[in-house]
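Everything on this sheet refers to the single structure shown next.
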Amino acid sequence: MYKKEIYNLIEKALKDLGIEEVPNFTVSYPPNEKMGDYTTNAAMIAAKIWKKAPMEIADAIKSKVKSPRTTSLRGRQKSKVVEKIEVAPPGFINFYLKPEVVQKNLATILKQKDKFGSTWFDKTHHKSLTASGKAIKIGKGKTIVIDYSAPNIAKMMHVGHLRSTIIGQAIYNIYKFLGYKTIGDNHIGDWGTHFGKLIYAYKNFANKKDLKKNFAKEMNRLYVDFNVRAKEDEKLNDYARVETKKFQEGDKENIKIWKYFARESIKEFNRIYKMLGVKIDYALGESFYQKMLGEIISSAFKKGVASRSQGAIIIPLEKYNIPPLMIQKSDGATLYGTTDLATIKYRMKKWNPKKILYIVANEQAGHFTQVFKSAEILGFIAPKQAIHVKFGMVLGPDGKKFSTREGKVILLKDLFGEAISRARKIVQEKNPKLSDAEKRKISKVVGIGAIKYNDLSQNRFTDITFNWDKMLDFRGNSAPYLQYTYARIKSILRRAKVSAAIKFKQELLNDEKELVILRQLILFDEVVERAGEEFMPNIIAEYLYKLANNFNLFYELVPVLKAEKDLRQARLALISAVAITLKNGLKLLGIETLERM
RNA sequence: CCCCUCAUAGCUCAAUGGACAGAGCAAGACCCUUCUAAGGUCGAGAUGGGGGUUCGAUUCCCUCUGAGGGGACCA
């Protein structure tokens, strides 16, 4: 919350010292609380320019911050938030905030409630303040399009689809929280060649009754069966291509089959999204863009961007050391690259976003470099306007890619079922007297939460090796741990019969355990902002885990309800603030909290 | 052959170029007549090899090894 202010203090001090530019100095957090709240490496970087010892410069900066030049027109003042400054070898400058500043923040949190963390409140954060000095949200006036989930029609959603959906939703939530106008778009794969296979399978060996009874399962069987048969008889793939072509050219029967599968698939997706608590604003699938493709190709030609090659049409990119993007096959059919270009053009025209984020697995990195560069040459977007937010794959227990074709995947339906039943078993054991309805609710929230958190707490770049026990561990650094911590706080608040303590003497919160928590709470907004900037929800997860950890330490040793009147009130306020922060953070990750569990 | 990720404790994962590399699981010893033990406490345990840049490298660069993915007519 005070990072920007600390930054400004240092910048001014450097100016007073006659060092105008210290490139890339940062304000960050010391490794532990004993070393202060904020730290900077400015002295060590300035040492290079000034050619003096870092410690010497650190001392100089320290004394300038403490007594800045007052003759300046801007009327530089001593900081009102810094208690003391310490210099530590080899040249760190550590800032300690005044306890009353940290304590004062508590009232803000209780007032802000579910908005806490979304806004900069301190007046020195001018980058997000209006002329009147009123705090505004960072993302105000900016639009961001987020493309995530993107399942394929006629394929079941399996663990491989989880990451895009969960990470995408978290990033969506974070940006929305920060005040951006967020557009979530589910780019459903409803036009691909794979669909021809299904049409063929449907016509030749579908069991219509099973399809009606259990659409998802039977559809999956059709897909797997097709691939099994195609292995023996390669001609099947040719037949599938014929079906695809007929369908794309408007063949009535094939369109009818396509519509049927699309409708049923979307129903199935929606069941999954409902379980996950995911809502995506738009679902403009690939089919939506088909009528624009001809224009994309012809204008690419007109601009001299596209050219013919071996009967196909490509956009050569060798100038940029990138393989060419093919936009039309030699048989005249278009490809997903073509659709992607149309999609970018459409999104820019319709929403004029500052950025378009593609939450798509690492395996498509090459494709997106081609598409983005092509879109740039075509003038659809500026460089870096479209960003591929890539992530590692979910690998099978054998350490290899899950194969849909062989039907070896773990379906999301099954994953959820297992998670919920494991959670159910534990609730039953821990809290048998709860009502059945409540147990059901808890099982679902805990089970689904565990799955989401398992993913979101990891750095998105690393591959995940699927493991039931790891994914569904309800102890340690997991969603249930955070939810449990929240439920513990709620339990105390229920007993105290206050929803939030309004009046309290914040200065009573002097215990080291309390101060650690207070000092952590002021960092929440910075954590959310950074998670957004880096597209890394795990930064929030890590923060929440530490916060919960600190609360549980406090919980073991510091009584709340049994404390003397004023102290009790102050501690109630403190734990309420922790509850608010946990809830807000988890909500950003798309994870629900529970009053009891 | 080219491109993208990754390599940290027995296992699964953290760590904006910074100060003694953090967790969880597993294994060991403790804490429920005190606000929910899905918790807490105490020990043990790690940066693939070799160079380089830097005051400082798990992080950046080069190289080697290993893993996963991609490489115009699938998405």
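Ordering of the structure tokens sets the chain letters (A, B, ...), residue numbers begin anew at 1 in every chain, and ligands are numbered from 1 in the order given.
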Check: Near chain A, which residues of chain B fall within 7 Å when you count only C-alpha atoms (C1' of nucleotides), and what do they look like as a PyMOL selection string?
Finding: chain B and resi 4-6+13+24+35-36+38+40+69-70+72-75
Residue selection dump (N, CA and C atoms (P, O5', C5', C4', C3', O3' and C1' of nucleotides)) as a CSV table (one decimal), in the first residue's frame:
```
chain,number,residue,atom,x,y,z
B,4,C,P,13.1,-20.0,-28.7
B,4,C,O5',11.8,-20.6,-28.0
B,4,C,C5',10.6,-19.9,-28.3
B,4,C,C4',9.5,-20.7,-27.5
B,4,C,C3',9.8,-21.0,-26.1
B,4,C,O3',9.7,-19.8,-25.3
B,4,C,C1',8.9,-22.9,-27.0
B,5,U,P,10.3,-19.7,-23.8
B,5,U,O5',9.3,-20.6,-23.0
B,5,U,C5',9.7,-21.2,-21.9
B,5,U,C4',8.8,-22.2,-21.4
B,5,U,C3',9.4,-22.9,-20.3
B,5,U,O3',9.1,-22.2,-19.1
B,5,U,C1',8.8,-24.5,-21.9
B,6,C,P,10.4,-21.7,-18.2
B,6,C,O5',10.7,-23.1,-17.5
B,6,C,C5',9.7,-23.8,-16.7
B,6,C,C4',10.0,-25.2,-16.6
B,6,C,C3',11.3,-25.6,-15.9
B,6,C,O3',11.2,-25.5,-14.5
B,6,C,C1',11.1,-26.9,-17.8
B,13,C,P,5.3,-31.1,-10.0
B,13,C,O5',5.0,-29.9,-9.1
B,13,C,C5',5.7,-28.7,-9.2
B,13,C,C4',5.3,-27.8,-8.1
B,13,C,C3',5.9,-26.4,-8.0
B,13,C,O3',5.3,-25.5,-8.8
B,13,C,C1',6.0,-27.4,-5.8
B,24,G,P,5.0,-26.6,5.9
B,24,G,O5',4.2,-27.6,4.9
B,24,G,C5',2.9,-27.3,4.6
B,24,G,C4',2.4,-28.2,3.4
B,24,G,C3',2.7,-29.7,3.7
B,24,G,O3',1.6,-30.3,4.5
B,24,G,C1',3.5,-29.2,1.6
B,35,C,P,-11.6,-24.3,22.8
B,35,C,O5',-11.8,-22.9,22.2
B,35,C,C5',-13.0,-22.2,22.4
B,35,C,C4',-13.2,-21.1,21.4
B,35,C,C3',-13.0,-21.6,19.9
B,35,C,O3',-14.2,-22.0,19.4
B,35,C,C1',-12.0,-19.4,20.4
B,36,U,P,-14.3,-22.4,17.8
B,36,U,O5',-13.1,-23.4,17.4
B,36,U,C5',-12.9,-24.7,18.1
B,36,U,C4',-12.7,-25.7,17.0
B,36,U,C3',-11.3,-25.5,16.3
B,36,U,O3',-10.6,-26.8,16.3
B,36,U,C1',-13.1,-25.8,14.7
B,38,A,P,-9.3,-31.1,12.0
B,38,A,O5',-8.4,-30.6,10.8
B,38,A,C5',-7.3,-31.3,10.3
B,38,A,C4',-7.0,-30.9,8.9
B,38,A,C3',-6.7,-29.4,8.8
B,38,A,O3',-5.7,-29.1,7.8
B,38,A,C1',-8.6,-29.9,7.6
B,40,G,P,-0.8,-24.9,10.6
B,40,G,O5',-0.2,-24.9,12.1
B,40,G,C5',-0.3,-23.7,12.9
B,40,G,C4',0.1,-23.9,14.3
B,40,G,C3',1.6,-24.4,14.4
B,40,G,O3',2.5,-23.3,14.3
B,40,G,C1',0.2,-25.7,15.8
B,69,G,P,5.5,-35.1,-25.2
B,69,G,O5',5.3,-33.6,-25.8
B,69,G,C5',4.1,-32.9,-25.4
B,69,G,C4',4.1,-31.5,-25.9
B,69,G,C3',4.2,-31.3,-27.4
B,69,G,O3',3.0,-31.4,-28.0
B,69,G,C1',5.8,-29.9,-26.3
B,70,G,P,3.0,-32.0,-29.5
B,70,G,O5',3.5,-30.7,-30.4
B,70,G,C5',2.7,-29.6,-30.5
B,70,G,C4',3.5,-28.5,-31.2
B,70,G,C3',4.0,-28.7,-32.6
B,70,G,O3',3.0,-28.6,-33.5
B,70,G,C1',5.7,-27.7,-31.3
B,72,A,P,4.8,-28.8,-40.0
B,72,A,O5',4.0,-28.0,-41.1
B,72,A,C5',3.1,-27.0,-40.6
B,72,A,C4',2.5,-26.3,-41.7
B,72,A,C3',1.9,-27.2,-42.9
B,72,A,O3',0.8,-28.0,-42.4
B,72,A,C1',2.7,-25.1,-43.7
B,73,C,P,1.0,-29.5,-42.6
B,73,C,O5',-0.5,-30.1,-42.8
B,73,C,C5',-1.6,-29.3,-42.3
B,73,C,C4',-2.4,-28.8,-43.4
B,73,C,C3',-3.2,-29.9,-44.2
B,73,C,O3',-4.6,-29.8,-43.8
B,73,C,C1',-2.3,-28.3,-45.7
B,74,C,P,-5.0,-30.8,-42.5
B,74,C,O5',-4.5,-29.8,-41.3
B,74,C,C5',-5.3,-29.0,-40.6
B,74,C,C4',-6.0,-29.7,-39.5
B,74,C,C3',-6.4,-28.8,-38.4
B,74,C,O3',-7.6,-28.2,-38.7
B,74,C,C1',-5.4,-30.8,-37.5
B,75,A,P,-7.7,-26.6,-38.5
B,75,A,O5',-7.8,-26.5,-36.9
B,75,A,C5',-9.0,-26.9,-36.2
B,75,A,C4',-8.7,-26.9,-34.8
B,75,A,C3',-8.2,-25.6,-34.2
B,75,A,O3',-9.3,-24.8,-33.8
B,75,A,C1',-6.8,-27.4,-33.5
```
Next item on the list: Using DSSP on the backbone coordinates, identify all residues within region 267-412 of chain A classified as strand (DSSP E); present the result as a list in words.
Entry: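 Of region 267-412 of chain A, only Ser307, Arg308, Ser309, Ala312, Ile313, Ile314, Ile315, Leu325, Met326, Ile327, Gln328, Lys355, Ile356, Leu357, Tyr358, Ile359, Val360, Ala361, Ala386, Ile387, His388, Val389, Lys390, Phe391, Val394 and Leu395 of chain A fall in strand (DSSP E).
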Note to self: List the spatial neighbours of Ala43 (chain A) as a PyMOL selection string - criterion: any atom at most 12 Å away, only C-alpha atoms (C1' of nucleotides), same-chain residues fewer than 5 positions off excluded.
What the structure shows: (chain A and resi 10-11+13-14+17+19+22-27+48-62+87-94) or (chain B and resi 55)
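You will find CA of Lys208 (chain A) at 19.9 Å from CA of Val228 (chain A).
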Item checked: Between CA of Thr343 (chain A) and CA of Ile188 (chain A), distance in Å (one decimal) ->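 Atom-to-atom, CA of Thr343 (chain A) and CA of Ile188 (chain A) are spaced 11.8 Å apart.
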Notebook entry, point to check: Which neighbours of G17 (chain B) fall inside 10 Å, counting only C-alpha atoms (C1' of nucleotides), when residues of the same chain fewer than 5 positions from it are skipped, and could you give them as a list in words?
Noted result: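 Close residues of G17 (chain B): U54, G56, A57, U59 and C60 of chain B.
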Notebook entry, point to check: Within 9 Å of region 163-179 of chain A, counting only C-alpha atoms (C1' of nucleotides), which residues qualify if same-chain residues fewer than 6 places away don't, as a PyMOL selection string?
Noted result: chain A and resi 115+117-119+136-142+144-150+273+276+278-280+357-361+390-394+452+455-456+460+528-529+531-532+535-537+587-590
Please produce a file of those selected residues containing C-alpha atoms, as a PDB file, in the first residue's frame.
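Result went into again07.pdb, see below:
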```pdb
ATOM      1  CA  LYS A 115     -13.465  -3.994  -2.247  1.00  0.00           C
ATOM      2  CA  GLY A 117      -7.307  -4.564  -2.282  1.00  0.00           C
ATOM      3  CA  SER A 118      -8.772  -3.125  -5.440  1.00  0.00           C
ATOM      4  CA  THR A 119      -7.801   0.514  -5.006  1.00  0.00           C
ATOM      5  CA  ILE A 136      -9.753   5.501  -8.323  1.00  0.00           C
ATOM      6  CA  LYS A 137      -9.137   2.055  -9.628  1.00  0.00           C
ATOM      7  CA  ILE A 138      -6.026   1.233 -11.580  1.00  0.00           C
ATOM      8  CA  GLY A 139      -7.855  -0.192 -14.558  1.00  0.00           C
ATOM      9  CA  LYS A 140     -10.334   2.586 -14.977  1.00  0.00           C
ATOM     10  CA  GLY A 141     -11.139   3.306 -18.601  1.00  0.00           C
ATOM     11  CA  LYS A 142      -9.165   0.371 -19.934  1.00  0.00           C
ATOM     12  CA  ILE A 144      -8.975  -6.062 -21.763  1.00  0.00           C
ATOM     13  CA  VAL A 145     -10.163  -9.097 -23.709  1.00  0.00           C
ATOM     14  CA  ILE A 146      -9.382 -12.461 -22.183  1.00  0.00           C
ATOM     15  CA  ASP A 147      -9.665 -15.567 -24.312  1.00  0.00           C
ATOM     16  CA  TYR A 148      -9.817 -18.654 -22.150  1.00  0.00           C
ATOM     17  CA  SER A 149     -11.172 -22.170 -21.721  1.00  0.00           C
ATOM     18  CA  ALA A 150     -11.881 -22.755 -25.443  1.00  0.00           C
ATOM     19  CA  TYR A 273     -18.677 -24.389 -15.800  1.00  0.00           C
ATOM     20  CA  LEU A 276     -16.460 -24.663 -11.401  1.00  0.00           C
ATOM     21  CA  VAL A 278     -17.054 -20.107 -14.058  1.00  0.00           C
ATOM     22  CA  LYS A 279     -18.952 -17.664 -16.205  1.00  0.00           C
ATOM     23  CA  ILE A 280     -17.589 -16.501 -19.516  1.00  0.00           C
ATOM     24  CA  LEU A 357      -4.857 -12.144 -23.573  1.00  0.00           C
ATOM     25  CA  TYR A 358      -4.795 -15.695 -24.834  1.00  0.00           C
ATOM     26  CA  ILE A 359      -4.788 -18.154 -21.980  1.00  0.00           C
ATOM     27  CA  VAL A 360      -3.618 -21.108 -23.989  1.00  0.00           C
ATOM     28  CA  ALA A 361      -1.170 -23.952 -23.347  1.00  0.00           C
ATOM     29  CA  LYS A 390       1.082 -19.649 -21.815  1.00  0.00           C
ATOM     30  CA  PHE A 391       1.151 -22.416 -19.308  1.00  0.00           C
ATOM     31  CA  GLY A 392       2.622 -25.875 -18.933  1.00  0.00           C
ATOM     32  CA  MET A 393       0.703 -28.982 -19.768  1.00  0.00           C
ATOM     33  CA  VAL A 394      -1.091 -31.454 -17.596  1.00  0.00           C
ATOM     34  CA  LYS A 452      -8.514 -25.029  -8.429  1.00  0.00           C
ATOM     35  CA  ASP A 455      -3.389 -25.382 -10.129  1.00  0.00           C
ATOM     36  CA  LEU A 456      -3.426 -21.709  -9.216  1.00  0.00           C
ATOM     37  CA  ARG A 460       1.846 -21.448 -14.593  1.00  0.00           C
ATOM     38  CA  VAL A 528      -3.089  -8.233  -6.482  1.00  0.00           C
ATOM     39  CA  GLU A 529      -1.637  -5.657  -8.802  1.00  0.00           C
ATOM     40  CA  ALA A 531      -0.468 -10.863  -9.984  1.00  0.00           C
ATOM     41  CA  GLY A 532      -2.364  -8.974 -12.676  1.00  0.00           C
ATOM     42  CA  PHE A 535      -0.670 -12.839 -15.177  1.00  0.00           C
ATOM     43  CA  MET A 536       0.314 -15.002 -12.266  1.00  0.00           C
ATOM     44  CA  PRO A 537      -2.454 -15.881  -9.826  1.00  0.00           C
ATOM     45  CA  LYS A 587     -12.621 -14.969  -4.626  1.00  0.00           C
ATOM     46  CA  LEU A 588     -10.059 -13.661  -7.092  1.00  0.00           C
ATOM     47  CA  LEU A 589      -8.847 -17.210  -7.488  1.00  0.00           C
ATOM     48  CA  GLY A 590     -12.427 -18.284  -8.032  1.00  0.00           C
TER      49      GLY A 590
END
```
Next item on the list: Name all residues at most 12 Å from U65 (chain B) (count only C-alpha atoms (C1' of nucleotides); drop same-chain ones fewer than 3 positions away) and give them as JSON, numbers by chain.
Entry: {"B": [7, 48, 49, 50]}
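All residues in region 390-438 of chain A with a DSSP state of helix (DSSP H, G or I), computed from the backbone, read Leu412, Lys413, Asp414, Leu415, Phe416, Gly417, Glu418, Ala419, Ile420, Ser421, Arg422, Ala423, Arg424, Lys425, Ile426, Val427, Gln428, Glu429, Lys430, Asp436, Ala437 and Glu438 of chain A.
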Notebook entry, point to check: Which residues, written as an MDAnalysis selection string, have at least one atom at most 7 Å from Leu341 (chain A), with only C-alpha atoms (C1' of nucleotides) counted and residues fewer than 4 positions away on the same chain left out?
Noted result: chainID A and resid 337 345 371 375
